[in-house]
Amino acid sequence: MGKEMEGGKRNNVELFFLATLIFWLTSVCFQIVLTNRTQLLYIIAGSFFYQTSNSLIRFFSSNDPLFVNTSVSLLHSIVTSTSVVFILSTQWLNNGLSAMFDHSQLVEGTWSWAFEALSFSCGYFAYDQWDMLHYRLYSGWIPSILVHHLVLLICFTLALYRNVTINYLILTLICELHSVFLHVRKVRVPHSHHGMNFLNIGLGIDLFKAFKRERKSQQANRHQHRE
């Protein structure tokens with residue numbers, strides 16, 4: 001009975017977050033198609049890019065959903081942190097620090113490539129929300145990671161719709177620099193297991209070849225001894 005109640009609550013959680021994700025996607029498509037906001041296609045491109053990365057990692061490396069999800073998260077951290085560093089460095093060289101962090105610039109302005117970078121990252125969070133729902137990579141009745149993604153999607157998307165606080169949100173993505181090392185640490189352990197598996201396979205093949213050579217040598221010696 002307890003398991004049935006827990007399963008029912010889990011299904012309700014999935015339905016709620018899946019419904020919000022579908023509603024979000026409908027809203028983005030509406031903005032792109034009906035209001036001609038073609039710049040928002042970077043959101044779709046981001047989702048497609050990270051979903052494709054997921055499929056490639058799953059095909060070439062591992063089918064473990066958690067490992068694949070963490071690997072794609074690592075990729076997002078690298079891409080996003082690199083983009084943010086590039087954007088900030090460019091602005092620093094062109095305008096200086098004082099102009100960069102002016103309130104009007106952070107709230108009303110948009111640095112070069114900031115809109116595209118934020119849109120691409122927004123696409124990642126949509127992909128990650130779907131991946132976690134699909135493979136149930138969360139825990140609890142109110143999963144904090146799903147709530148986190150939902151809040152980010154709402155904040156990022158509304159900012160992109162209204163074209164405000166783009167630069168401010170780009171600054172918040174600096175935290176992805178830290179996430180690079182966090183995800184590397186998570187990926188390294190299962191990856192080392194895969195490496196050991198390949199090593200064991202290689203050693204097994206070498207051992208089998210050595211056994212065959214030794215057996216042939218013994219057979220040849222017996223044949224010569226009989227002669």
# chains A, B, ... in the order shown; residues from 1 in each chain; ligands from 1

call {"tool": "residues_around", "arguments": {"residues": "range 152-155 of chain A", "least_positions_apart": "5", "cutoff": "10 Å", "atoms": "only C-alpha atoms", "output": "MDAnalysis selection string"}}
result
chainID A and resid 20:21 24 121:126 129 146:147 160 165 169

call {"tool": "residues_around", "arguments": {"residues": "Gln91 in chain A", "least_positions_apart": "6", "cutoff": "10 Å", "atoms": "only C-alpha atoms", "output": "list in words"}}
result
Val85, Leu97, Ala99, Met100, Trp111 and Ser112 of chain A

call {"tool": "residues_around", "arguments": {"residues": "Ile57 in chain A", "least_positions_apart": "4", "cutoff": "10 Å", "atoms": "only C-alpha atoms", "output": "MDAnalysis selection string"}}
result
chainID A and resid 51:53 61:64 67:69 71:72

call {"tool": "closest_residue", "arguments": {"among": "A:Ile32, A:Leu74, A:Leu66, A:Val13", "to": "Phe181 in chain A", "atoms": "only C-alpha atoms"}}
result
A:Leu74

call {"tool": "closest_residue", "arguments": {"among": "A:Val28, A:Ile170, A:Leu137, A:Val184", "to": "Phe86 in chain A", "atoms": "only C-alpha atoms"}}
result
A:Ile170

call {"tool": "select_by_dssp", "arguments": {"residues": "range 50-146 of chain A", "states": "helix (DSSP H, G or I)", "output": "ChimeraX atom specification"}}
result
/A:50-60,65-95,97-100,103-107,114-135,144-146

call {"tool": "closest_residue", "arguments": {"among": "A:Ser27, A:Thr172, A:Thr80, A:Ser179", "to": "Leu106 in chain A", "atoms": "only C-alpha atoms"}}
result
A:Thr172

call {"tool": "atom_distance", "arguments": {"atom1": "CA of Thr70 in chain A", "atom2": "CA of Ser55 in chain A"}}
result
13.1 Å

call {"tool": "closest_residue", "arguments": {"among": "A:Ser77, A:Ser89, A:Gln31, A:Ser104", "to": "Thr157 in chain A", "atoms": "only C-alpha atoms"}}
result
A:Gln31

call {"tool": "atom_distance", "arguments": {"atom1": "CA of Ile22 in chain A", "atom2": "CA of Glu176 in chain A"}}
result
26.1 Å

call {"tool": "atom_distance", "arguments": {"atom1": "CA of Tyr50 in chain A", "atom2": "CA of Asp131 in chain A"}}
result
10.3 Å

call {"tool": "closest_residue", "arguments": {"among": "A:Gln105, A:Asn11, A:Thr38, A:Ser73", "to": "Tyr161 in chain A", "atoms": "only C-alpha atoms"}}
result
A:Thr38

call {"tool": "closest_residue", "arguments": {"among": "A:Asn163, A:Met132, A:Thr110, A:Arg58", "to": "Ser144 in chain A", "atoms": "only C-alpha atoms"}}
result
A:Met132
